[in-house]
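Novice: My structure is in data-v7.cif, and what it holds is mmCIF, C-alpha atoms and all ligand atoms:
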data_model
loop_
_atom_site.label_atom_id
_atom_site.label_comp_id
_atom_site.auth_asym_id
_atom_site.auth_seq_id
_atom_site.Cartn_x
_atom_site.Cartn_y
_atom_site.Cartn_z
CA GLY S 1 13.47 -14.42 -6.81
CA PHE S 2 11.70 -11.11 -6.37
CA LYS S 3 7.95 -10.99 -6.72
CA CYS S 4 5.59 -8.22 -7.73
CA GLY S 5 1.90 -8.84 -7.10
CA ILE S 6 -0.72 -7.51 -9.55
CA VAL S 7 -3.71 -6.37 -7.53
CA GLY S 8 -6.95 -4.61 -8.38
CA LEU S 9 -10.71 -4.82 -8.34
CA PRO S 10 -12.36 -7.35 -10.69
CA ASN S 11 -12.63 -6.37 -14.37
CA VAL S 12 -9.91 -3.75 -14.36
CA GLY S 13 -7.67 -5.71 -16.73
CA LYS S 14 -5.33 -7.58 -14.37
CA SER S 15 -5.50 -10.90 -16.19
CA THR S 16 -5.24 -9.27 -19.59
CA LEU S 17 -2.09 -7.54 -18.43
CA PHE S 18 -0.68 -10.62 -16.74
CA ASN S 19 -1.29 -12.77 -19.81
CA ALA S 20 0.36 -10.18 -22.02
CA LEU S 21 3.36 -10.14 -19.69
CA THR S 22 3.81 -13.88 -19.74
CA GLN S 23 3.03 -14.30 -23.45
CA THR S 24 5.57 -11.66 -24.37
CA ALA S 25 8.09 -13.35 -22.14
CA ALA S 26 7.31 -16.72 -23.69
CA ALA S 27 7.58 -15.28 -27.20
CA GLN S 28 10.98 -13.78 -26.45
CA ALA S 29 12.17 -16.91 -24.68
CA ALA S 30 14.00 -18.46 -27.62
CA ASN S 31 17.46 -18.22 -26.08
CA TYR S 32 16.84 -18.37 -22.38
CA PRO S 33 14.67 -20.36 -20.04
CA PHE S 34 11.20 -19.09 -19.32
CA CYS S 35 8.60 -20.60 -17.10
CA THR S 36 5.10 -20.04 -15.96
CA ILE S 37 5.36 -21.45 -12.47
CA GLU S 38 1.64 -21.61 -11.79
CA PRO S 39 -1.29 -20.33 -13.82
CA ASN S 40 -1.12 -17.02 -12.00
CA VAL S 41 2.64 -16.80 -11.52
CA GLY S 42 4.98 -15.89 -14.36
CA GLU S 43 8.58 -14.89 -14.78
CA VAL S 44 9.48 -12.15 -17.22
CA SER S 45 12.84 -10.96 -18.46
CA VAL S 46 13.88 -7.48 -17.42
CA PRO S 47 14.71 -5.40 -20.51
CA ASP S 48 18.11 -3.73 -20.15
CA GLU S 49 19.81 -2.10 -23.11
CA ARG S 50 23.20 -2.37 -21.39
CA LEU S 51 23.15 -6.12 -22.09
CA GLN S 52 23.58 -5.66 -25.85
CA LYS S 53 26.42 -3.20 -25.38
CA ILE S 54 28.33 -5.42 -22.97
CA ALA S 55 27.75 -8.46 -25.17
CA ALA S 56 29.16 -6.55 -28.16
CA ALA S 57 32.28 -5.52 -26.21
CA ALA S 58 32.76 -9.03 -24.80
CA LYS S 59 31.85 -10.73 -28.12
CA SER S 60 29.39 -12.95 -26.27
CA ALA S 61 27.45 -15.57 -28.18
CA ALA S 62 24.32 -15.17 -26.07
CA ILE S 63 22.49 -12.71 -23.83
CA ILE S 64 20.64 -13.72 -20.70
CA PRO S 65 18.56 -11.02 -19.02
CA THR S 66 17.65 -11.14 -15.38
CA ARG S 67 14.10 -11.99 -14.40
CA LEU S 68 11.29 -10.75 -12.25
CA THR S 69 8.25 -12.68 -11.08
CA PHE S 70 4.73 -11.33 -11.45
CA VAL S 71 1.77 -12.81 -9.61
CA ASP S 72 -1.80 -12.21 -10.77
CA ILE S 73 -3.66 -11.91 -7.48
CA ALA S 74 -7.38 -12.24 -8.02
CA GLY S 75 -10.09 -11.95 -5.45
CA LEU S 76 -10.05 -8.45 -4.14
CA VAL S 77 -13.50 -7.15 -3.36
CA ARG S 78 -14.84 -4.83 -0.72
CA GLY S 79 -14.73 -6.81 2.55
CA ALA S 80 -11.71 -8.94 1.58
CA SER S 81 -10.03 -8.12 4.89
CA LYS S 82 -13.03 -9.71 6.62
CA GLY S 83 -12.72 -12.82 4.51
CA GLU S 84 -15.25 -11.84 1.84
CA GLY S 85 -14.67 -13.36 -1.58
CA LEU S 86 -11.28 -15.02 -1.63
CA GLY S 87 -10.29 -12.68 1.22
CA ASN S 88 -7.83 -14.71 3.26
CA LYS S 89 -6.16 -16.41 0.35
CA PHE S 90 -5.90 -13.04 -1.29
CA LEU S 91 -4.17 -11.46 1.69
CA ALA S 92 -1.78 -14.40 2.05
CA ASN S 93 -0.83 -14.07 -1.63
CA ILE S 94 -0.04 -10.40 -1.21
CA ARG S 95 1.98 -11.05 1.91
CA GLU S 96 4.34 -13.23 -0.14
CA CYS S 97 5.07 -10.46 -2.63
CA ASP S 98 7.90 -7.95 -2.32
CA ALA S 99 5.97 -5.17 -4.03
CA ILE S 100 2.48 -4.44 -5.28
CA ALA S 101 1.29 -3.11 -8.64
CA TYR S 102 -2.20 -1.70 -8.25
CA VAL S 103 -4.09 -1.89 -11.53
CA LEU S 104 -6.65 0.88 -11.85
CA ARG S 105 -9.36 0.96 -14.46
CA CYS S 106 -8.96 4.11 -16.50
CA PHE S 107 -10.94 2.99 -19.55
CA VAL S 108 -14.63 3.40 -20.26
CA ASP S 109 -16.36 0.44 -21.87
CA ASP S 110 -20.06 -0.16 -21.26
CA ASP S 111 -19.59 -3.79 -22.26
CA VAL S 112 -17.24 -4.42 -19.36
CA THR S 113 -19.06 -4.27 -16.05
CA HIS S 114 -17.44 -2.21 -13.34
CA VAL S 115 -18.00 -3.84 -9.93
CA GLU S 116 -18.81 -0.49 -8.39
CA GLY S 117 -20.81 0.72 -11.37
CA ARG S 118 -18.60 3.64 -12.39
CA VAL S 119 -15.11 4.44 -13.59
CA ASP S 120 -13.29 6.13 -10.73
CA PRO S 121 -9.67 5.04 -10.36
CA LEU S 122 -9.03 6.96 -7.14
CA ALA S 123 -12.07 5.46 -5.43
CA ASP S 124 -10.91 2.04 -6.65
CA ALA S 125 -7.42 2.61 -5.27
CA ASP S 126 -8.97 3.63 -1.97
CA THR S 127 -11.21 0.55 -1.89
CA ILE S 128 -8.21 -1.69 -2.35
CA GLU S 129 -5.91 0.11 0.03
CA THR S 130 -8.64 0.31 2.65
CA GLU S 131 -8.94 -3.48 2.66
CA LEU S 132 -5.19 -3.82 3.03
CA MET S 133 -5.08 -1.17 5.76
CA LEU S 134 -7.86 -2.95 7.66
CA ALA S 135 -5.85 -6.16 7.49
CA ASP S 136 -2.75 -4.30 8.74
CA LEU S 137 -4.70 -2.63 11.51
CA GLU S 138 -5.95 -5.97 12.71
CA SER S 139 -2.53 -7.60 12.60
CA LEU S 140 -0.86 -4.67 14.41
CA GLU S 141 -3.45 -4.64 17.18
CA ARG S 142 -3.28 -8.39 17.52
CA ARG S 143 0.50 -8.39 17.97
CA ARG S 144 0.87 -5.45 20.31
CA PRO S 145 -0.14 -7.01 23.70
CA ALA S 146 2.40 -9.85 23.59
CA LEU S 147 5.17 -7.44 22.66
CA GLU S 148 4.16 -5.11 25.44
CA LYS S 149 4.73 -7.90 27.94
CA LYS S 150 8.16 -8.60 26.51
CA ALA S 151 9.08 -4.93 26.43
CA LYS S 152 8.49 -4.67 30.20
CA GLY S 153 11.58 -6.83 30.57
CA ALA S 154 14.85 -5.82 28.98
CA ASP S 155 13.85 -6.95 25.50
CA LYS S 156 15.17 -4.13 23.33
CA GLU S 157 13.87 -5.61 20.12
CA ALA S 158 10.35 -5.75 21.53
CA LYS S 159 10.63 -2.12 22.59
CA THR S 160 11.63 -1.08 19.09
CA ALA S 161 8.89 -3.23 17.61
CA ILE S 162 6.28 -1.52 19.79
CA GLN S 163 7.50 1.92 18.77
CA LEU S 164 7.32 0.91 15.14
CA ILE S 165 3.89 -0.63 15.58
CA ASP S 166 2.63 2.57 17.14
CA ILE S 167 3.96 4.67 14.30
CA ALA S 168 2.36 2.32 11.78
CA LEU S 169 -0.92 2.34 13.73
CA LYS S 170 -0.99 6.11 13.63
CA TYR S 171 -0.81 6.10 9.84
CA VAL S 172 -3.12 3.19 9.16
CA ALA S 173 -5.75 4.46 11.60
CA GLU S 174 -5.79 7.73 9.65
CA GLY S 175 -6.31 5.84 6.42
CA LYS S 176 -2.73 6.25 5.22
CA PRO S 177 -0.69 3.31 3.97
CA ALA S 178 2.08 2.22 6.34
CA ARG S 179 4.72 2.83 3.66
CA LEU S 180 4.34 6.56 4.22
CA ALA S 181 5.53 6.03 7.81
CA LEU S 182 9.01 5.13 6.52
CA ALA S 183 9.73 8.85 6.17
CA GLU S 184 9.76 9.26 9.95
CA ILE S 185 11.51 6.01 10.82
CA PRO S 186 15.30 6.08 11.17
CA GLU S 187 17.16 4.15 8.48
CA ALA S 188 18.52 1.76 11.13
CA ASP S 189 15.00 0.56 11.96
CA HIS S 190 13.81 0.04 8.39
CA ARG S 191 14.62 -3.63 8.47
CA ALA S 192 12.66 -4.12 11.71
CA PHE S 193 9.82 -2.17 10.15
CA ARG S 194 9.85 -4.42 7.08
CA ASN S 195 9.80 -7.41 9.40
CA LEU S 196 6.38 -6.31 10.61
CA GLN S 197 5.26 -7.63 7.19
CA LEU S 198 2.58 -5.04 6.69
CA LEU S 199 0.70 -5.18 3.43
CA THR S 200 0.53 -1.42 3.00
CA ALA S 201 4.23 -1.05 3.84
CA LYS S 202 5.17 -2.83 0.65
CA PRO S 203 6.42 -0.58 -2.10
CA ALA S 204 3.58 0.19 -4.49
CA LEU S 205 3.16 1.33 -8.04
CA TYR S 206 -0.02 2.34 -9.79
CA VAL S 207 -0.85 1.01 -13.22
CA CYS S 208 -3.41 3.03 -15.17
CA ASN S 209 -5.12 0.77 -17.67
CA VAL S 210 -6.26 3.31 -20.25
CA ASP S 211 -8.25 3.01 -23.49
CA GLU S 212 -6.25 2.21 -26.63
CA ALA S 213 -6.27 5.77 -27.96
CA SER S 214 -4.62 7.05 -24.79
CA ALA S 215 -1.82 4.49 -24.54
CA GLY S 216 0.86 7.02 -25.43
CA THR S 217 -0.48 10.07 -23.69
CA GLY S 218 -2.71 8.97 -20.85
CA ASN S 219 -6.21 10.33 -20.36
CA GLU S 220 -8.23 12.39 -17.88
CA TYR S 221 -8.44 9.43 -15.48
CA SER S 222 -4.73 8.62 -15.49
CA LYS S 223 -4.03 12.32 -14.98
CA ILE S 224 -6.07 12.23 -11.76
CA VAL S 225 -4.11 9.18 -10.60
CA GLU S 226 -0.79 10.89 -11.32
CA ASP S 227 -1.84 14.04 -9.52
CA ARG S 228 -2.71 12.06 -6.44
CA PHE S 229 0.14 9.57 -6.18
CA LYS S 230 3.16 11.19 -7.82
CA PRO S 231 3.57 13.72 -5.00
CA GLU S 232 3.87 10.73 -2.61
CA GLY S 233 6.84 9.60 -4.67
CA ALA S 234 4.91 6.67 -6.12
CA GLU S 235 5.50 5.45 -9.61
CA VAL S 236 2.55 5.64 -12.05
CA VAL S 237 2.65 3.58 -15.24
CA ILE S 238 0.23 4.26 -18.10
CA ILE S 239 -0.56 1.23 -20.16
CA SER S 240 -3.32 -0.17 -22.35
CA ALA S 241 -3.75 -3.81 -21.39
CA LYS S 242 -5.68 -4.37 -24.58
CA ILE S 243 -2.84 -3.10 -26.78
CA GLU S 244 -0.31 -5.04 -24.76
CA SER S 245 -2.28 -8.24 -25.28
CA GLU S 246 -2.34 -7.56 -29.03
CA LEU S 247 1.39 -6.76 -29.09
CA ALA S 248 2.08 -10.01 -27.28
CA GLN S 249 0.65 -11.97 -30.23
CA LEU S 250 2.96 -10.36 -32.78
CA ASP S 251 6.46 -11.26 -33.86
CA GLU S 252 9.19 -8.71 -33.37
CA GLU S 253 8.95 -7.08 -36.79
CA GLU S 254 5.17 -6.72 -36.66
CA ARG S 255 5.40 -5.44 -33.14
CA THR S 256 7.80 -2.67 -34.12
CA LEU S 257 5.49 -1.62 -36.94
CA TYR S 258 2.40 -1.65 -34.75
CA LEU S 259 4.19 0.35 -32.04
CA ALA S 260 5.27 2.94 -34.61
CA ASP S 261 1.66 3.11 -35.82
CA LEU S 262 0.59 3.92 -32.28
CA GLY S 263 3.37 6.45 -31.87
CA LEU S 264 5.09 4.36 -29.19
CA THR S 265 8.75 3.40 -28.96
CA GLU S 266 8.46 0.36 -26.70
CA PRO S 267 5.73 -1.84 -25.26
CA GLY S 268 4.19 -0.49 -22.07
CA LEU S 269 5.08 -3.77 -20.47
CA ASN S 270 8.76 -2.82 -20.61
CA ARG S 271 7.98 0.27 -18.61
CA LEU S 272 5.94 -1.79 -16.15
CA ILE S 273 8.74 -4.32 -15.69
CA SER S 274 11.34 -1.59 -15.22
CA ALA S 275 9.11 0.24 -12.78
CA GLY S 276 8.60 -2.96 -10.78
CA TYR S 277 12.33 -3.53 -10.75
CA HIS S 278 13.15 -0.04 -9.48
CA LEU S 279 10.37 -0.21 -6.95
CA LEU S 280 12.08 -3.17 -5.33
CA ASP S 281 15.32 -1.23 -4.98
CA LEU S 282 17.01 -3.79 -7.16
CA ILE S 283 20.18 -3.25 -9.12
CA THR S 284 21.89 -5.32 -11.76
CA TYR S 285 25.42 -6.54 -12.15
CA PHE S 286 26.74 -8.40 -15.16
CA THR S 287 28.99 -11.30 -15.99
CA ALA S 288 30.43 -11.34 -19.47
CA GLY S 289 32.44 -13.82 -21.50
CA PRO S 290 32.58 -15.41 -24.93
CA LYS S 291 29.72 -17.76 -24.09
CA GLU S 292 27.27 -15.25 -22.70
CA THR S 293 26.60 -11.87 -21.18
CA ARG S 294 24.28 -12.25 -18.28
CA ALA S 295 22.46 -9.92 -15.89
CA TRP S 296 22.05 -10.72 -12.19
CA THR S 297 19.76 -9.09 -9.67
CA ILE S 298 20.72 -7.92 -6.19
CA THR S 299 19.30 -5.40 -3.77
CA LYS S 300 21.10 -2.10 -3.39
CA GLY S 301 23.85 -2.26 -0.79
CA THR S 302 24.75 -5.93 -1.32
CA ALA S 303 28.41 -6.79 -0.65
CA ALA S 304 30.44 -8.76 -3.21
CA PRO S 305 30.28 -12.20 -1.52
CA ALA S 306 26.47 -12.13 -1.23
CA ALA S 307 26.26 -10.86 -4.81
CA ALA S 308 28.38 -13.84 -5.87
CA GLY S 309 26.00 -16.10 -3.95
CA VAL S 310 23.22 -15.19 -6.37
CA ILE S 311 25.12 -17.14 -9.04
CA HIS S 312 26.13 -20.04 -6.84
CA SER S 313 26.44 -20.61 -3.09
CA ASP S 314 30.01 -21.93 -3.63
CA PHE S 315 30.98 -18.53 -5.00
CA GLU S 316 29.86 -16.94 -1.76
CA LYS S 317 31.40 -19.53 0.58
CA GLY S 318 34.75 -19.59 -1.19
CA PHE S 319 34.79 -15.91 -2.17
CA ILE S 320 38.29 -14.49 -2.64
CA ARG S 321 38.05 -11.43 -4.89
CA ALA S 322 35.72 -9.80 -7.37
CA GLU S 323 37.40 -8.69 -10.59
CA THR S 324 35.46 -5.51 -11.21
CA ILE S 325 35.00 -3.21 -14.19
CA ALA S 326 32.42 -0.43 -14.17
CA TYR S 327 29.82 -0.69 -16.93
CA SER S 328 30.82 2.54 -18.71
CA ASP S 329 34.51 1.56 -18.70
CA PHE S 330 33.75 -1.92 -19.97
CA VAL S 331 31.74 -0.60 -22.89
CA SER S 332 33.82 2.45 -23.81
CA LEU S 333 37.18 0.69 -23.50
CA GLY S 334 36.14 -2.34 -25.52
CA GLY S 335 35.77 -4.98 -22.83
CA GLU S 336 38.11 -6.55 -20.31
CA THR S 337 41.41 -6.25 -22.20
CA GLY S 338 40.89 -2.58 -22.96
CA ALA S 339 39.75 -1.85 -19.40
CA LYS S 340 42.86 -3.56 -18.01
CA GLU S 341 45.15 -1.57 -20.28
CA ALA S 342 43.46 1.64 -19.17
CA GLY S 343 43.85 0.73 -15.51
CA LYS S 344 40.11 0.39 -15.00
CA PHE S 345 40.22 -3.19 -13.80
CA ARG S 346 39.89 -3.49 -10.02
CA LEU S 347 40.28 -6.38 -7.58
CA GLU S 348 37.68 -5.89 -4.88
CA GLY S 349 37.43 -7.72 -1.55
CA LYS S 350 34.74 -8.92 0.83
CA GLU S 351 33.69 -5.46 1.93
CA TYR S 352 33.08 -4.15 -1.56
CA VAL S 353 29.50 -3.02 -2.13
CA VAL S 354 28.51 -3.85 -5.70
CA ASN S 355 27.42 -0.96 -7.91
CA ASP S 356 24.66 -1.01 -10.48
CA GLY S 357 26.20 -1.99 -13.81
CA ASP S 358 29.41 -3.55 -12.48
CA VAL S 359 30.83 -6.22 -14.74
CA LEU S 360 32.17 -8.85 -12.36
CA HIS S 361 34.20 -12.01 -12.42
CA PHE S 362 34.46 -13.84 -9.12
CA ARG S 363 37.59 -15.60 -7.90
CA PHE S 364 36.74 -18.27 -5.41
CA ALA S 365 38.21 -21.38 -3.79
CA ASN S 366 36.29 -24.60 -3.35
P1 LIG Y 1 -9.49 -8.71 -14.21
O1 LIG Y 1 -10.74 -9.20 -13.60
O2 LIG Y 1 -9.00 -7.46 -13.54
O3 LIG Y 1 -8.43 -9.73 -14.32
O4 LIG Y 1 -9.87 -8.20 -15.66
P2 LIG Y 1 -9.68 -8.91 -17.09
O5 LIG Y 1 -8.27 -8.77 -17.53
O6 LIG Y 1 -10.23 -10.28 -17.05
O7 LIG Y 1 -10.56 -7.94 -17.99
C1 LIG Y 1 -11.95 -7.83 -17.81
C2 LIG Y 1 -12.57 -7.43 -19.09
O8 LIG Y 1 -12.15 -6.12 -19.46
C3 LIG Y 1 -12.20 -8.34 -20.25
O9 LIG Y 1 -13.34 -8.51 -21.04
C4 LIG Y 1 -11.16 -7.53 -21.00
O10 LIG Y 1 -11.15 -7.83 -22.37
C5 LIG Y 1 -11.61 -6.12 -20.75
N1 LIG Y 1 -10.48 -5.18 -20.79
C6 LIG Y 1 -9.28 -5.29 -20.15
N2 LIG Y 1 -8.50 -4.24 -20.44
C7 LIG Y 1 -9.22 -3.44 -21.27
C8 LIG Y 1 -8.95 -2.20 -21.92
O11 LIG Y 1 -7.86 -1.61 -21.79
N3 LIG Y 1 -9.96 -1.67 -22.68
C9 LIG Y 1 -11.15 -2.29 -22.83
N4 LIG Y 1 -12.09 -1.72 -23.59
N5 LIG Y 1 -11.43 -3.47 -22.26
C10 LIG Y 1 -10.48 -4.04 -21.49
#
Can you turn what I pasted into structure tokens?

Specialist:
Amino acid sequence: GFKCGIVGLPNVGKSTLFNALTQTAAAQAANYPFCTIEPNVGEVSVPDERLQKIAAAAKSAAIIPTRLTFVDIAGLVRGASKGEGLGNKFLANIRECDAIAYVLRCFVDDDVTHVEGRVDPLADADTIETELMLADLESLERRRPALEKKAKGADKEAKTAIQLIDIALKYVAEGKPARLALAEIPEADHRAFRNLQLLTAKPALYVCNVDEASAGTGNEYSKIVEDRFKPEGAEVVIISAKIESELAQLDEEERTLYLADLGLTEPGLNRLISAGYHLLDLITYFTAGPKETRAWTITKGTAAPAAAGVIHSDFEKGFIRAETIAYSDFVSLGGETGAKEAGKFRLEGKEYVVNDGDVLHFRFAN
């Protein structure tokens, strides 16, 4: 599955947020499997209002959302890239994640010590990213000489790798995360760039942990964070970890009331989960029948056989056709029968690239 790491300085509210995420998931887990894999790894369901609509049209007995894994990565302090604190373990944990959520402290509370002695989310973001950039710098410089040798021969891949390394080095050496380099790298080389496994090349989102009163609106600190990172195209999520941890204790009815009290329409966690999902360039397709309507996760651009493989490897190996109905047709025409009558039912082959929202049924041979 896809993993989003939760990263930040100590005492910014990472664990509070992570616990709220997993408790909410556990509380909502009545009709689908939930698991906390390790103390710091949890799977959450991805809220998607299309599920209810498809299930209504398909008269499904159950709904199964797709899931996303969050990892609470503790141990970041200044000097982590040099092995300070839990440095190496910390970096290895981040390397395994597909995306990073940076939690930034945007609340003032004299009872909660700030490791750097002041509330300054931008400085905190810089402290974290600097450690990751130092780690990237070291790994780029370490790898370059061997590749240079290879590139002297006819090794085209090594040549490309060196070019990409040099572009990344340029950014990181200037104190810019490697992900910003993507803008000047041709689409065709993006995969090779990702294969460099740079920490600061991972897609990032910034989570502003604000005081309770600012959960709906944000505050002066979160405003500063937005002004800095939104122009880079980064996603900024405003959340109050404290409120989320309270919401996680409530049943659905109480939660709705409490949210209304706060002037909110949904828990901030939903926005965080959705943001994490979009960050990973993930899309959802659905399967729907009398038993259940279920959401499945694929990356954008996935062809039908590989999409089928997410359900079962046999579906991919024996793939014949994908019976396909677009989400809007499925819902507005009253499910499969109506879509067929309206000529909106398609049989797609191996080359078909699955669209977000497709309702699919795979034909396959064993
Ligand atoms: P971590 O070290 O980043 O995992 O931080 P924790 O989640 O353990 O939180 C550190 C302390 O800050 C705990 O005492 C939390 O109760 C407190 N805390 C977390 N979020 C908030 C918040 O939004 N407001 C306030 N006032 N305290 C918070």

Novice: Select the residues contacting ligand LIG 1 (chain Y) at a distance of at most 10 Å, based on all atoms listed in the file, then format the selection as a PyMOL selection string.

Specialist: chain S and resi 6-20+72-76+103-115+208-215+239-245

Novice: If I take CA of Arg321 (chain S) and CA of Glu336 (chain S), how far is one from the other in Å, to one decimal?

Specialist: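 Straight-line distance from CA of Arg321 (chain S) to CA of Glu336 (chain S) works out to 16.2 Å.
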
Novice: Skip Arg228 (chain S) itself and residues of its chain fewer than 3 positions away, then list as a CSV table (one decimal) with C-alpha atoms, keeping the file's coordinate frame all residues within 12 Å of it, counting all atoms listed in the file.

Specialist:
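out37.csv written:
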chain,number,residue,atom,x,y,z
S,121,PRO,CA,-9.7,5.0,-10.4
S,122,LEU,CA,-9.0,7.0,-7.1
S,123,ALA,CA,-12.1,5.5,-5.4
S,125,ALA,CA,-7.4,2.6,-5.3
S,126,ASP,CA,-9.0,3.6,-2.0
S,206,TYR,CA,0.0,2.3,-9.8
S,221,TYR,CA,-8.4,9.4,-15.5
S,222,SER,CA,-4.7,8.6,-15.5
S,223,LYS,CA,-4.0,12.3,-15.0
S,224,ILE,CA,-6.1,12.2,-11.8
S,225,VAL,CA,-4.1,9.2,-10.6
S,231,PRO,CA,3.6,13.7,-5.0
S,232,GLU,CA,3.9,10.7,-2.6
S,233,GLY,CA,6.8,9.6,-4.7
S,234,ALA,CA,4.9,6.7,-6.1
S,235,GLU,CA,5.5,5.4,-9.6
S,236,VAL,CA,2.6,5.6,-12.0

Novice: Counting only C-alpha atoms, what is within 12 Å of Ser139 (chain S), bar same-chain residues fewer than 3 positions away, as a PDB file with C-alpha atoms, keeping the file's coordinate frame?

Specialist:
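Saved as result.pdb:
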ATOM      1  CA  SER S  81     -10.030  -8.120   4.890  1.00  0.00           C
ATOM      2  CA  LEU S  91      -4.170 -11.460   1.690  1.00  0.00           C
ATOM      3  CA  LEU S 132      -5.190  -3.820   3.030  1.00  0.00           C
ATOM      4  CA  MET S 133      -5.080  -1.170   5.760  1.00  0.00           C
ATOM      5  CA  LEU S 134      -7.860  -2.950   7.660  1.00  0.00           C
ATOM      6  CA  ALA S 135      -5.850  -6.160   7.490  1.00  0.00           C
ATOM      7  CA  ASP S 136      -2.750  -4.300   8.740  1.00  0.00           C
ATOM      8  CA  ARG S 142      -3.280  -8.390  17.520  1.00  0.00           C
ATOM      9  CA  ARG S 143       0.500  -8.390  17.970  1.00  0.00           C
ATOM     10  CA  ARG S 144       0.870  -5.450  20.310  1.00  0.00           C
ATOM     11  CA  PRO S 145      -0.140  -7.010  23.700  1.00  0.00           C
ATOM     12  CA  ILE S 165       3.890  -0.630  15.580  1.00  0.00           C
ATOM     13  CA  ALA S 168       2.360   2.320  11.780  1.00  0.00           C
ATOM     14  CA  LEU S 169      -0.920   2.340  13.730  1.00  0.00           C
ATOM     15  CA  VAL S 172      -3.120   3.190   9.160  1.00  0.00           C
ATOM     16  CA  LEU S 196       6.380  -6.310  10.610  1.00  0.00           C
ATOM     17  CA  GLN S 197       5.260  -7.630   7.190  1.00  0.00           C
ATOM     18  CA  LEU S 198       2.580  -5.040   6.690  1.00  0.00           C
ATOM     19  CA  LEU S 199       0.700  -5.180   3.430  1.00  0.00           C
ATOM     20  CA  THR S 200       0.530  -1.420   3.000  1.00  0.00           C
TER      21      THR S 200
END

Novice: Kindly indicate which residue among S:Arg346, S:Lys202, S:Lys170, S:Lys230 lies nearest to His361 (chain S), using all atoms listed in the file for the distances.

Specialist: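 Closest candidate: S:Arg346.
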
Novice: Just give me the gap between CA of Glu138 (chain S) and CA of Leu205 (chain S) in Å, one decimal is fine.

Specialist: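 Between CA of Glu138 (chain S) and CA of Leu205 (chain S) the gap works out to 23.8 Å.
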
Novice: S:Ala204, S:Val41, S:Ala56, S:Ile167: which is nearest Val331 (chain S), counting only C-alpha atoms?

Specialist: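 Nearest candidate to Val331 (chain S) out of S:Ala204, S:Val41, S:Ala56, S:Ile167: S:Ala56.
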
Novice: List as a list of chain:residue names: which residues have an atom within 9 Å of (32.0, -8.4, -3.1), counting only C-alpha atoms?

Specialist: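 Every residue inside that radius is included here: S:Thr302, S:Ala303, S:Ala304, S:Pro305, S:Ala306, S:Ala307, S:Ala308, S:Glu316, S:Phe319, S:Ile320, S:Arg321, S:Ala322, S:Glu348, S:Gly349, S:Lys350, S:Glu351, S:Tyr352, S:Val353, S:Val354, S:Phe362.
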
Novice: Go ahead and compute the interatomic distance for CA of Glu131 (chain S) and CA of Asp166 (chain S), in Å to one decimal.

Specialist: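 Pair CA of Glu131 (chain S) / CA of Asp166 (chain S) returns 19.5 Å.
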
Novice: Which one of S:Phe330, S:Glu141, S:Arg363, S:Asp356 sits closest to Ala57 (chain S) if you count all atoms listed in the file?

Specialist: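 Checking each candidate against Ala57 (chain S), we get S:Phe330 as the closest.
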
Novice: Residues near Thr265 (chain S), anyone? I mean within 10 Å using only C-alpha atoms, not counting same-chain ones fewer than 5 positions away, as a ChimeraX atom specification.

Specialist: /S:216,256-260

Novice: Would you please work out which residue, of S:Val237, S:Ala62, S:Leu269, S:Ala295, is nearest to Val44 (chain S) when using only C-alpha atoms?

Specialist: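 Nearest candidate to Val44 (chain S) out of S:Val237, S:Ala62, S:Leu269, S:Ala295: S:Leu269.
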
Novice: When you count all atoms listed in the file, which of these residues is closest to Leu250 (chain S): S:Gly42, S:Gln23, S:Phe286, S:Leu360?

Specialist: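 Nearest to Leu250 (chain S): S:Gln23.
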